[in-house]
>>> print(open('entry.txt').read())   # compact mmCIF, C-alpha atoms
# COMPACT_ATOMS: atom_id res chain seq x y z
CA MET S 1 0.00 0.00 0.00
CA ARG S 2 1.67 3.21 -1.18
CA PHE S 3 0.91 6.46 0.59
CA THR S 4 0.50 9.62 -1.47
CA GLU S 5 0.73 13.28 -0.54
CA GLU S 6 -3.04 13.20 -0.07
CA HIS S 7 -2.68 10.38 2.46
CA GLU S 8 -0.09 12.39 4.36
CA ALA S 9 -2.24 15.52 4.25
CA ILE S 10 -5.07 13.61 5.95
CA ARG S 11 -2.61 12.19 8.46
CA ASN S 12 -1.28 15.65 9.31
CA THR S 13 -4.75 17.18 9.56
CA ILE S 14 -6.04 14.63 12.05
CA ALA S 15 -2.75 14.71 14.02
CA GLN S 16 -2.98 18.49 14.40
CA PHE S 17 -6.66 18.25 15.31
CA ILE S 18 -5.93 15.67 18.02
CA ASP S 19 -3.14 17.79 19.47
CA LYS S 20 -5.31 20.92 19.57
CA GLU S 21 -8.90 19.78 20.10
CA ILE S 22 -8.71 16.40 21.86
CA ASN S 23 -5.63 15.55 23.92
CA PRO S 24 -5.61 18.73 26.04
CA TYR S 25 -9.07 17.77 27.35
CA CYS S 26 -8.77 14.00 27.74
CA ASP S 27 -7.93 14.01 31.44
CA GLN S 28 -11.05 16.04 32.21
CA TRP S 29 -13.24 13.88 29.99
CA GLU S 30 -11.92 10.79 31.77
CA LYS S 31 -12.93 12.31 35.11
CA ASP S 32 -16.32 13.35 33.75
CA GLY S 33 -16.98 9.91 32.28
CA ILE S 34 -18.12 11.49 29.01
CA PHE S 35 -16.84 13.77 26.25
CA PRO S 36 -18.87 16.33 24.25
CA ALA S 37 -19.55 14.18 21.18
CA HIS S 38 -21.76 16.65 19.32
CA LYS S 39 -19.31 19.51 19.71
CA LEU S 40 -16.28 17.42 18.79
CA PHE S 41 -17.90 15.60 15.89
CA LYS S 42 -19.11 18.87 14.38
CA LYS S 43 -15.56 20.19 14.35
CA MET S 44 -14.39 16.99 12.71
CA GLY S 45 -17.24 17.10 10.21
CA ASP S 46 -16.33 20.65 9.24
CA LEU S 47 -12.84 19.38 8.34
CA GLY S 48 -14.26 16.49 6.33
CA LEU S 49 -12.80 13.89 8.70
CA LEU S 50 -15.99 11.89 9.27
CA GLY S 51 -16.58 10.92 5.66
CA ILE S 52 -13.18 10.20 4.16
CA ALA S 53 -14.27 6.98 2.45
CA LYS S 54 -17.94 7.92 2.12
CA PRO S 55 -19.72 9.03 -1.11
CA ALA S 56 -18.96 12.58 -2.20
CA GLU S 57 -22.59 13.23 -3.14
CA TYR S 58 -23.55 12.90 0.54
CA GLY S 59 -20.73 15.06 1.88
CA GLY S 60 -17.88 12.58 1.99
CA MET S 61 -14.50 12.73 0.27
CA GLY S 62 -15.20 9.68 -1.88
CA LEU S 63 -11.71 8.26 -1.28
CA ASP S 64 -10.84 4.58 -0.95
CA TYR S 65 -10.42 2.85 2.40
CA SER S 66 -6.63 3.29 2.45
CA TYR S 67 -7.24 6.94 3.28
CA GLN S 68 -9.63 5.96 6.06
CA ILE S 69 -7.05 3.61 7.56
CA VAL S 70 -4.52 6.47 7.76
CA PHE S 71 -7.15 8.38 9.72
CA SER S 72 -7.79 5.35 11.94
CA GLU S 73 -4.10 4.89 12.63
CA GLU S 74 -3.75 8.49 13.77
CA LEU S 75 -6.66 8.05 16.19
CA GLY S 76 -4.26 5.88 18.19
CA ARG S 77 -2.52 9.10 19.22
CA ILE S 78 -5.55 10.12 21.30
CA ALA S 79 -4.77 10.01 25.01
CA SER S 80 -8.15 8.48 25.85
CA GLY S 81 -9.26 5.21 24.28
CA GLY S 82 -12.90 6.05 24.87
CA VAL S 83 -12.74 9.05 22.55
CA SER S 84 -11.00 7.23 19.72
CA MET S 85 -13.47 4.36 20.06
CA ALA S 86 -16.44 6.72 19.88
CA ILE S 87 -15.08 8.31 16.71
CA GLY S 88 -14.54 4.88 15.20
CA VAL S 89 -18.13 3.93 15.97
CA GLN S 90 -19.24 6.96 13.94
CA THR S 91 -16.96 6.35 10.96
CA ASP S 92 -16.30 2.60 10.78
CA MET S 93 -19.08 0.78 12.62
CA SER S 94 -22.46 2.50 12.36
CA THR S 95 -22.25 4.15 8.93
CA PRO S 96 -20.53 1.75 6.47
CA ALA S 97 -23.74 -0.24 5.84
CA MET S 98 -25.68 2.98 5.26
CA ALA S 99 -23.12 4.07 2.68
CA LYS S 100 -22.94 0.70 0.91
CA PHE S 101 -26.54 -0.52 1.03
CA GLY S 102 -28.75 2.35 2.12
CA SER S 103 -31.39 3.95 -0.06
CA ASN S 104 -31.11 7.54 -1.20
CA TYR S 105 -33.45 8.42 1.65
CA ILE S 106 -31.19 6.72 4.22
CA LYS S 107 -28.13 8.46 2.82
CA GLU S 108 -29.73 11.89 2.62
CA GLU S 109 -31.56 11.74 5.96
CA PHE S 110 -28.99 9.96 8.14
CA LEU S 111 -25.61 9.33 6.47
CA SER S 112 -25.10 12.92 5.33
CA LYS S 113 -25.72 14.22 8.86
CA ALA S 114 -23.23 11.75 10.34
CA ILE S 115 -20.61 12.80 7.79
CA ALA S 116 -21.22 16.49 8.49
CA GLY S 117 -20.99 15.95 12.24
CA ASP S 118 -24.53 17.18 12.66
CA ALA S 119 -25.58 13.90 14.27
CA VAL S 120 -23.98 11.31 16.53
CA CYS S 121 -24.54 7.76 15.37
CA SER S 122 -24.22 4.46 17.21
CA ILE S 123 -24.25 0.78 16.32
CA ALA S 124 -26.78 -1.33 18.27
CA VAL S 125 -26.06 -5.03 17.80
CA SER S 126 -24.95 -6.62 21.09
CA GLU S 127 -27.46 -7.77 23.69
CA PRO S 128 -27.05 -8.99 27.29
CA HIS S 129 -27.05 -12.62 26.12
CA ALA S 130 -25.59 -12.06 22.63
CA GLY S 131 -22.28 -10.25 22.26
CA SER S 132 -20.02 -11.94 19.73
CA ASP S 133 -22.85 -14.41 19.03
CA VAL S 134 -24.64 -12.01 16.70
CA ALA S 135 -26.98 -14.68 15.30
CA ASN S 136 -28.52 -15.11 18.76
CA ILE S 137 -29.96 -11.59 19.18
CA LYS S 138 -33.60 -11.46 20.37
CA THR S 139 -34.70 -7.89 19.55
CA THR S 140 -37.61 -7.96 17.09
CA ALA S 141 -38.97 -5.57 14.48
CA VAL S 142 -42.49 -6.59 13.40
CA LYS S 143 -44.30 -4.98 10.48
CA ASP S 144 -47.41 -2.95 11.23
CA GLY S 145 -48.75 -1.07 8.23
CA ASP S 146 -45.88 1.01 6.87
CA ASP S 147 -43.92 0.79 10.11
CA TYR S 148 -41.83 -1.59 12.19
CA ILE S 149 -42.66 -2.11 15.86
CA ILE S 150 -39.41 -2.77 17.75
CA ASN S 151 -39.14 -4.56 21.11
CA GLY S 152 -36.04 -5.72 22.94
CA THR S 153 -32.84 -4.42 24.44
CA LYS S 154 -29.28 -3.64 23.38
CA MET S 155 -26.25 -3.73 25.66
CA TRP S 156 -22.79 -2.08 25.81
CA ILE S 157 -23.77 0.57 23.28
CA THR S 158 -21.04 3.16 22.66
CA ASN S 159 -22.22 6.78 22.27
CA ALA S 160 -25.61 5.60 23.58
CA THR S 161 -26.65 8.57 25.69
CA GLN S 162 -25.52 11.12 23.08
CA ALA S 163 -26.58 9.29 19.93
CA ASP S 164 -29.14 10.87 17.62
CA TYR S 165 -29.82 7.59 15.87
CA LEU S 166 -28.88 3.94 15.96
CA CYS S 167 -27.96 1.46 13.27
CA LEU S 168 -29.95 -1.36 14.86
CA LEU S 169 -29.88 -5.08 14.08
CA ALA S 170 -33.21 -6.80 14.75
CA ASN S 171 -35.11 -9.94 13.83
CA THR S 172 -37.67 -9.17 11.12
CA GLY S 173 -38.97 -12.68 10.46
CA GLY S 174 -38.02 -16.19 9.43
CA ASP S 175 -36.56 -19.15 11.28
CA LYS S 176 -33.06 -19.08 9.77
CA PRO S 177 -30.84 -17.00 12.09
CA HIS S 178 -28.63 -15.71 9.28
CA LYS S 179 -31.56 -14.73 7.05
CA SER S 180 -34.01 -13.38 9.63
CA LYS S 181 -32.32 -10.12 10.57
CA SER S 182 -32.36 -6.59 9.20
CA LEU S 183 -30.49 -3.35 9.82
CA ILE S 184 -32.79 -0.43 10.63
CA VAL S 185 -32.00 3.20 11.42
CA VAL S 186 -33.76 4.18 14.65
CA PRO S 187 -33.76 7.81 15.89
CA THR S 188 -33.20 7.85 19.64
CA ASN S 189 -35.93 10.45 20.25
CA THR S 190 -38.57 7.94 19.13
CA PRO S 191 -41.18 7.21 21.84
CA GLY S 192 -40.58 3.93 23.66
CA ILE S 193 -36.78 4.18 23.79
CA SER S 194 -35.13 4.45 27.20
CA PHE S 195 -31.60 4.17 28.53
CA SER S 196 -29.91 2.75 31.59
CA GLU S 197 -27.47 4.78 33.63
CA LYS S 198 -24.01 4.96 32.09
CA LEU S 199 -22.31 1.60 32.56
CA ASP S 200 -19.39 1.57 35.03
CA LYS S 201 -16.61 0.11 32.90
CA LEU S 202 -13.06 -1.00 33.64
CA GLY S 203 -11.69 1.28 30.92
CA MET S 204 -12.86 3.55 28.11
CA ARG S 205 -14.07 5.82 30.90
CA SER S 206 -14.63 8.87 28.69
CA SER S 207 -17.06 6.96 26.48
CA ASP S 208 -20.74 6.99 27.44
CA THR S 209 -21.87 3.38 27.25
CA ALA S 210 -25.36 2.26 28.23
CA GLN S 211 -28.05 -0.36 27.81
CA ILE S 212 -30.94 0.66 25.55
CA PHE S 213 -34.54 -0.57 25.92
CA PHE S 214 -37.14 -0.68 23.14
CA ASP S 215 -40.79 -0.87 24.15
CA GLU S 216 -43.21 -0.80 21.21
CA VAL S 217 -40.92 1.58 19.30
CA ARG S 218 -42.45 2.54 15.98
CA VAL S 219 -40.25 3.53 13.02
CA PRO S 220 -41.13 3.72 9.31
CA GLN S 221 -40.11 0.79 7.13
CA LYS S 222 -38.27 3.22 4.86
CA ASN S 223 -35.62 3.29 7.62
CA LEU S 224 -34.60 -0.22 6.56
CA ILE S 225 -31.02 -0.40 5.28
CA GLY S 226 -30.88 -2.39 2.05
CA GLU S 227 -32.99 -5.53 1.81
CA GLU S 228 -35.01 -7.10 4.60
CA GLY S 229 -33.40 -10.28 5.90
CA MET S 230 -29.92 -9.22 4.80
CA GLY S 231 -28.97 -7.54 8.08
CA PHE S 232 -26.70 -10.32 9.33
CA THR S 233 -24.81 -10.35 6.03
CA TYR S 234 -24.50 -6.57 6.00
CA GLN S 235 -23.25 -6.62 9.58
CA MET S 236 -20.60 -9.21 8.76
CA ILE S 237 -19.41 -7.03 5.87
CA GLN S 238 -19.42 -4.01 8.15
CA PHE S 239 -17.34 -5.96 10.67
CA GLN S 240 -14.48 -6.13 8.17
CA GLU S 241 -13.99 -2.36 8.29
CA GLU S 242 -14.44 -2.39 12.05
CA ARG S 243 -11.75 -5.02 12.50
CA MET S 244 -9.25 -3.29 10.23
CA TYR S 245 -10.03 -0.03 12.05
CA CYS S 246 -9.33 -1.75 15.38
CA ALA S 247 -5.96 -3.09 14.24
CA ALA S 248 -4.87 0.21 12.70
CA GLY S 249 -6.13 2.23 15.64
CA LEU S 250 -3.95 0.33 18.11
CA LEU S 251 -0.65 0.80 16.28
CA LYS S 252 0.19 4.29 17.52
CA SER S 253 -1.37 3.64 20.89
CA MET S 254 1.13 0.81 21.38
CA GLU S 255 4.00 2.89 20.01
CA HIS S 256 3.11 5.66 22.44
CA CYS S 257 3.31 3.19 25.32
CA ILE S 258 6.69 1.96 24.10
CA ASN S 259 8.10 5.44 23.52
CA THR S 260 6.93 6.89 26.83
CA THR S 261 8.38 3.84 28.58
CA ILE S 262 11.70 4.40 26.83
CA GLU S 263 11.70 8.02 28.02
CA TYR S 264 10.80 7.04 31.59
CA THR S 265 13.30 4.18 31.89
CA ARG S 266 16.06 6.33 30.40
CA GLU S 267 15.55 8.89 33.19
CA ARG S 268 14.75 6.49 36.02
CA GLN S 269 17.84 5.40 37.93
CA ALA S 270 18.05 2.03 39.67
CA PHE S 271 21.14 0.40 41.11
CA GLY S 272 23.33 3.19 39.83
CA LYS S 273 22.27 3.31 36.18
CA PRO S 274 19.24 4.02 34.01
CA LEU S 275 16.62 1.27 33.93
CA LEU S 276 16.79 1.30 30.15
CA ASP S 277 20.39 0.07 30.32
CA GLN S 278 19.11 -3.24 31.69
CA GLN S 279 19.29 -5.65 28.78
CA VAL S 280 16.03 -7.30 29.72
CA ILE S 281 14.27 -3.95 29.25
CA HIS S 282 15.80 -2.59 26.04
CA PHE S 283 15.66 -6.04 24.42
CA ARG S 284 12.01 -6.45 25.38
CA LEU S 285 11.04 -3.03 24.03
CA ALA S 286 12.82 -3.88 20.78
CA GLU S 287 10.80 -7.09 20.53
CA LEU S 288 7.55 -5.26 21.14
CA GLN S 289 8.28 -2.59 18.51
CA THR S 290 9.09 -5.37 16.05
CA GLU S 291 5.72 -6.97 16.75
CA VAL S 292 3.96 -3.64 16.20
CA GLU S 293 5.65 -3.27 12.81
CA ALA S 294 4.62 -6.81 11.87
CA LEU S 295 1.01 -5.98 12.77
CA ARG S 296 1.21 -2.79 10.72
CA ALA S 297 2.34 -4.79 7.68
CA LEU S 298 -0.50 -7.30 8.12
CA THR S 299 -3.06 -4.51 8.54
CA TYR S 300 -1.85 -2.62 5.48
CA ASP S 301 -1.90 -5.86 3.48
CA ALA S 302 -5.52 -6.49 4.48
CA VAL S 303 -6.48 -2.93 3.53
CA ASP S 304 -4.67 -3.22 0.21
CA GLY S 305 -6.67 -6.33 -0.60
CA TYR S 306 -9.90 -4.68 0.53
CA ILE S 307 -9.54 -1.63 -1.70
CA ASN S 308 -8.72 -3.91 -4.63
CA GLY S 309 -11.88 -5.96 -4.22
CA MET S 310 -10.33 -9.05 -2.64
CA GLU S 311 -11.89 -11.20 0.07
CA VAL S 312 -10.11 -10.10 3.26
CA THR S 313 -12.10 -11.80 6.01
CA LEU S 314 -9.12 -14.00 6.90
CA LYS S 315 -6.54 -11.22 7.09
CA ALA S 316 -8.89 -8.75 8.79
CA SER S 317 -9.67 -11.38 11.43
CA MET S 318 -5.98 -12.17 11.86
CA ALA S 319 -5.16 -8.48 12.25
CA LYS S 320 -7.94 -8.01 14.81
CA LEU S 321 -6.80 -11.09 16.77
CA LYS S 322 -3.15 -10.05 16.71
CA ALA S 323 -3.95 -6.45 17.66
CA GLY S 324 -6.06 -7.41 20.65
CA ARG S 325 -3.45 -9.79 21.99
CA LEU S 326 -0.44 -7.62 21.23
CA VAL S 327 -1.85 -4.51 22.91
CA ARG S 328 -2.37 -6.54 26.07
CA GLU S 329 1.24 -7.69 25.87
CA VAL S 330 2.62 -4.23 25.18
CA THR S 331 0.68 -2.41 27.89
CA ASP S 332 1.41 -5.11 30.48
CA ALA S 333 5.13 -5.15 29.72
CA CYS S 334 5.45 -1.38 29.66
CA LEU S 335 3.45 -0.96 32.86
CA GLN S 336 5.89 -3.34 34.59
CA TYR S 337 8.85 -1.14 33.68
CA TRP S 338 7.18 1.89 35.23
CA GLY S 339 7.12 0.06 38.54
CA GLY S 340 4.96 1.70 41.19
CA MET S 341 4.31 4.66 38.91
CA GLY S 342 2.71 2.30 36.42
CA PHE S 343 0.13 1.30 39.03
CA MET S 344 -1.11 4.86 39.40
CA TRP S 345 -4.53 5.62 37.88
CA ASP S 346 -3.45 8.67 35.86
CA ASN S 347 -0.40 7.04 34.32
CA PRO S 348 -0.76 6.97 30.48
CA VAL S 349 0.31 3.34 30.22
CA SER S 350 -2.06 2.40 33.03
CA ARG S 351 -4.92 4.07 31.13
CA ALA S 352 -3.99 2.23 27.93
CA TYR S 353 -3.78 -1.03 29.92
CA ARG S 354 -7.38 -0.55 31.07
CA ASP S 355 -8.79 0.91 27.86
CA GLN S 356 -7.33 -1.46 25.34
CA ARG S 357 -8.26 -4.65 27.19
CA LEU S 358 -11.56 -4.26 25.36
CA SER S 359 -9.82 -4.90 22.04
CA SER S 360 -9.87 -8.66 22.59
CA ILE S 361 -13.60 -8.55 23.38
CA GLY S 362 -15.38 -5.89 21.30
CA GLY S 363 -16.00 -6.30 17.58
CA GLY S 364 -15.76 -10.07 17.94
CA ALA S 365 -13.82 -11.73 20.76
CA ASP S 366 -10.44 -13.38 20.18
CA GLU S 367 -12.13 -16.78 20.22
CA VAL S 368 -14.53 -15.72 17.45
CA MET S 369 -11.59 -14.49 15.38
CA LEU S 370 -9.89 -17.85 15.88
CA GLY S 371 -13.06 -19.63 14.76
CA ILE S 372 -13.19 -17.52 11.59
CA ILE S 373 -9.50 -18.13 10.89
CA CYS S 374 -9.89 -21.87 11.42
CA LYS S 375 -12.92 -21.94 9.11
CA LYS S 376 -10.93 -20.18 6.40
CA MET S 377 -8.04 -22.61 6.94
CA GLY S 378 -10.37 -25.60 6.72
CA THR S 379 -9.51 -26.83 10.20
CA LEU S 380 -12.75 -26.01 12.02
CA PRO S 381 -14.60 -29.23 12.98
CA ARG S 382 -17.88 -29.70 11.16
CA LEU S 383 -21.10 -29.96 13.12
CA ILE S 384 -22.78 -33.35 12.79
>>> encode(input="entry.txt", output="structure tokens")
Amino acid sequence: MRFTEEHEAIRNTIAQFIDKEINPYCDQWEKDGIFPAHKLFKKMGDLGLLGIAKPAEYGGMGLDYSYQIVFSEELGRIASGGVSMAIGVQTDMSTPAMAKFGSNYIKEEFLSKAIAGDAVCSIAVSEPHAGSDVANIKTTAVKDGDDYIINGTKMWITNATQADYLCLLANTGGDKPHKSKSLIVVPTNTPGISFSEKLDKLGMRSSDTAQIFFDEVRVPQKNLIGEEGMGFTYQMIQFQEERMYCAAGLLKSMEHCINTTIEYTRERQAFGKPLLDQQVIHFRLAELQTEVEALRALTYDAVDGYINGMEVTLKASMAKLKAGRLVREVTDACLQYWGGMGFMWDNPVSRAYRDQRLSSIGGGADEVMLGIICKKMGTLPRLI
């Protein structure tokens, strides 16, 4: 994947934006347990950063996904994982299906507002009993005249309390779990929708996450994305961008942990010399940086295949698996070298340790990625 001047221009724009508009406020947003999504997204929308790979006729830049992945990689520079995750939900999780399969109405009414930063969007798939097991969701959308009547609940929903609308996966009929689901855009101000209190999470503290309840929620059938019954398929396609986003978004987060640890251990004296002079430390940091570069190569390779129309489920799943496991390894190792300082709540490596633990769970757990990889390799046992 070759980067052009246009790629680098996008990289520089988002880097400067993060340095000016995001990182100076992250500590406060962490304490508040929420960040001002509408205000921040509007600023990003004004710069064109929320629609890099979205259609130009609806306000996007109309560029291929390699430009989006540059954006995603730079998000790893954000000092709060909750903020970068929330942005990714807007750009790579809740809107790709709208852009690919939505009607003109969907694109004009919902996608264009998300791209402009005039609306906060969320993806509503997981349920209390169905996280990675997407086929097992229970929320229903039953036809009534020209509307759907939605009942059920969604769990662990990022941007929930600030979202203007949801890209919701629900059962719309049929007894085949992979053919019975549809994606529907649901405005959050619709009667019958209610929210839990913000969930008290281990990490991603600046992200407002909540459970959402649907009680006889009525939305027009024209809010359907694409074809009825194709929701599971659309969601699996959407997951590919989400998983490449996840891998790319962790690269600079891990490098930041490594680099700040180098700086700290170079200054920290122990037994008469800098900690960094201990071979076990500088060798280990070299190993970790090598692993990050290997992940970067795998991620770029997956993106290159994706923009050239290749099937990338295997490589995207491998990148997601590797990213989730490697970030746990990097943050744990780096935290150790900070000693007691690493155990302090406000330490940047400590925050990354808490925030990025989610990477092996959200967007498909490690075990689901392994199942996909095994299926593609032909080693997954067949059900009798």
>>> residues_around(input="entry.txt", residues="segment 181-189 of chain S", least_positions_apart="4", cutoff="8 Å", atoms="all atoms listed in the file", output="list in words")
Ala163, Asp164, Tyr165, Leu166, Cys167, Leu168, Leu169, Ala170, Asn171, Thr172, Gly173, Pro177, Ile193, Val219, Asn223, Leu224, Ile225, Gly226, Glu227, Glu228, Gly229, Met230, Gly231, Phe232, Tyr234 and Gln235 of chain S
>>> write_last_selection(input="entry.txt", atoms="C-alpha atoms", output="short mmCIF file (atom, residue, chain, number, x, y, z; two decimals), keeping the file's coordinate frame")
data_model
loop_
_atom_site.label_atom_id
_atom_site.label_comp_id
_atom_site.auth_asym_id
_atom_site.auth_seq_id
_atom_site.Cartn_x
_atom_site.Cartn_y
_atom_site.Cartn_z
CA ALA S 163 -26.58 9.29 19.93
CA ASP S 164 -29.14 10.87 17.62
CA TYR S 165 -29.82 7.59 15.87
CA LEU S 166 -28.88 3.94 15.96
CA CYS S 167 -27.96 1.46 13.27
CA LEU S 168 -29.95 -1.36 14.86
CA LEU S 169 -29.88 -5.08 14.08
CA ALA S 170 -33.21 -6.80 14.75
CA ASN S 171 -35.11 -9.94 13.83
CA THR S 172 -37.67 -9.17 11.12
CA GLY S 173 -38.97 -12.68 10.46
CA PRO S 177 -30.84 -17.00 12.09
CA ILE S 193 -36.78 4.18 23.79
CA VAL S 219 -40.25 3.53 13.02
CA ASN S 223 -35.62 3.29 7.62
CA LEU S 224 -34.60 -0.22 6.56
CA ILE S 225 -31.02 -0.40 5.28
CA GLY S 226 -30.88 -2.39 2.05
CA GLU S 227 -32.99 -5.53 1.81
CA GLU S 228 -35.01 -7.10 4.60
CA GLY S 229 -33.40 -10.28 5.90
CA MET S 230 -29.92 -9.22 4.80
CA GLY S 231 -28.97 -7.54 8.08
CA PHE S 232 -26.70 -10.32 9.33
CA TYR S 234 -24.50 -6.57 6.00
CA GLN S 235 -23.25 -6.62 9.58
#
>>> residues_around(input="entry.txt", residues="Gln356 of chain S", least_positions_apart="5", cutoff="8 Å", atoms="all atoms listed in the file", output="compact mmCIF listing (two decimals) with C-alpha atoms, in the frame of the given file")
# COMPACT_ATOMS: atom_id res chain seq x y z
CA GLY S 81 -9.26 5.21 24.28
CA GLY S 203 -11.69 1.28 30.92
CA MET S 204 -12.86 3.55 28.11
CA GLY S 324 -6.06 -7.41 20.65
CA VAL S 327 -1.85 -4.51 22.91
CA ARG S 328 -2.37 -6.54 26.07
>>> residues_around(input="entry.txt", residues="segment 284-301 of chain S", least_positions_apart="5", cutoff="8 Å", atoms="all atoms listed in the file", output="PyMOL selection string")
chain S and resi 1+244+247-248+251+254-255+258+262+315-316+319+322-323+326+330
>>> closest_residue(input="entry.txt", among="S:Ile361, S:Thr261, S:Cys121, S:Leu202", to="Met341 of chain S", atoms="all atoms listed in the file")
S:Thr261
>>> atom_distance(input="entry.txt", atom1="atom CA of Ile10 of chain S", atom2="atom CA of Gly76 of chain S")
14.5 Å
>>> residues_around(input="entry.txt", residues="segment 44-50 of chain S", least_positions_apart="3", cutoff="7 Å", atoms="all atoms listed in the file", output="PyMOL selection string")
chain S and resi 40-41+60+91+115-117
>>> write_last_selection(input="entry.txt", atoms="C-alpha atoms", output="short mmCIF file (atom, residue, chain, number, x, y, z; two decimals), in the coordinates of the input")
data_model
loop_
_atom_site.label_atom_id
_atom_site.label_comp_id
_atom_site.auth_asym_id
_atom_site.auth_seq_id
_atom_site.Cartn_x
_atom_site.Cartn_y
_atom_site.Cartn_z
CA LEU S 40 -16.28 17.42 18.79
CA PHE S 41 -17.90 15.60 15.89
CA GLY S 60 -17.88 12.58 1.99
CA THR S 91 -16.96 6.35 10.96
CA ILE S 115 -20.61 12.80 7.79
CA ALA S 116 -21.22 16.49 8.49
CA GLY S 117 -20.99 15.95 12.24
#
>>> residues_around(input="entry.txt", residues="Glu197 of chain S", least_positions_apart="6", cutoff="12 Å", atoms="all atoms listed in the file", output="NGL selection string")
:S and (33 or 155-157 or 160-161 or 208-213)
>>> closest_atom_pairs(input="entry.txt", of="segment 219-267 of chain S", to="segment 362-377 of chain S", cutoff="10 Å", atoms="all atoms listed in the file", output="tab-separated table")
residue	atom	partner	partner_atom	distance
S:Phe239	CA	S:Gly363	CA	7.0
S:Gln240	CA	S:Gly363	CA	9.5
S:Glu242	CA	S:Gly363	CA	7.0
S:Arg243	CA	S:Gly363	CA	6.7
S:Cys246	CA	S:Gly363	CA	8.4
>>> atom_distance(input="entry.txt", atom1="atom CA of Ala56 of chain S", atom2="atom CA of Glu241 of chain S")
18.9 Å
>>> closest_residue(input="entry.txt", among="S:Gly249, S:Gly51, S:Pro220, S:Pro36", to="Gly145 of chain S", atoms="only C-alpha atoms")
S:Pro220
>>> closest_residue(input="entry.txt", among="S:Val280, S:Lys198, S:Thr13, S:Lys20", to="Asp32 of chain S", atoms="only C-alpha atoms")
S:Lys198
>>> atom_distance(input="entry.txt", atom1="atom CA of Arg218 of chain S", atom2="atom CA of Pro191 of chain S")
7.6 Å
>>> axis_aligned_box(input="entry.txt", around="segment 214-224 of chain S", padding_each_side="6 Å", output="AutoDock Vina command-line options")
--center_x -38.9 --center_y 1.4 --center_z 14.5 --size_x 20.6 --size_y 16.6 --size_z 31.3
>>> closest_residue(input="entry.txt", among="S:Leu314, S:Tyr245, S:Gln162, S:Glu74", to="Ala37 of chain S", atoms="all atoms listed in the file")
S:Gln162
>>> closest_residue(input="entry.txt", among="S:Met98, S:Val217, S:Val70, S:Val83", to="Arg11 of chain S", atoms="all atoms listed in the file")
S:Val70
>>> closest_residue(input="entry.txt", among="S:Ser206, S:Ser80, S:Thr158, S:Gln279", to="Ser350 of chain S", atoms="all atoms listed in the file")
S:Ser80
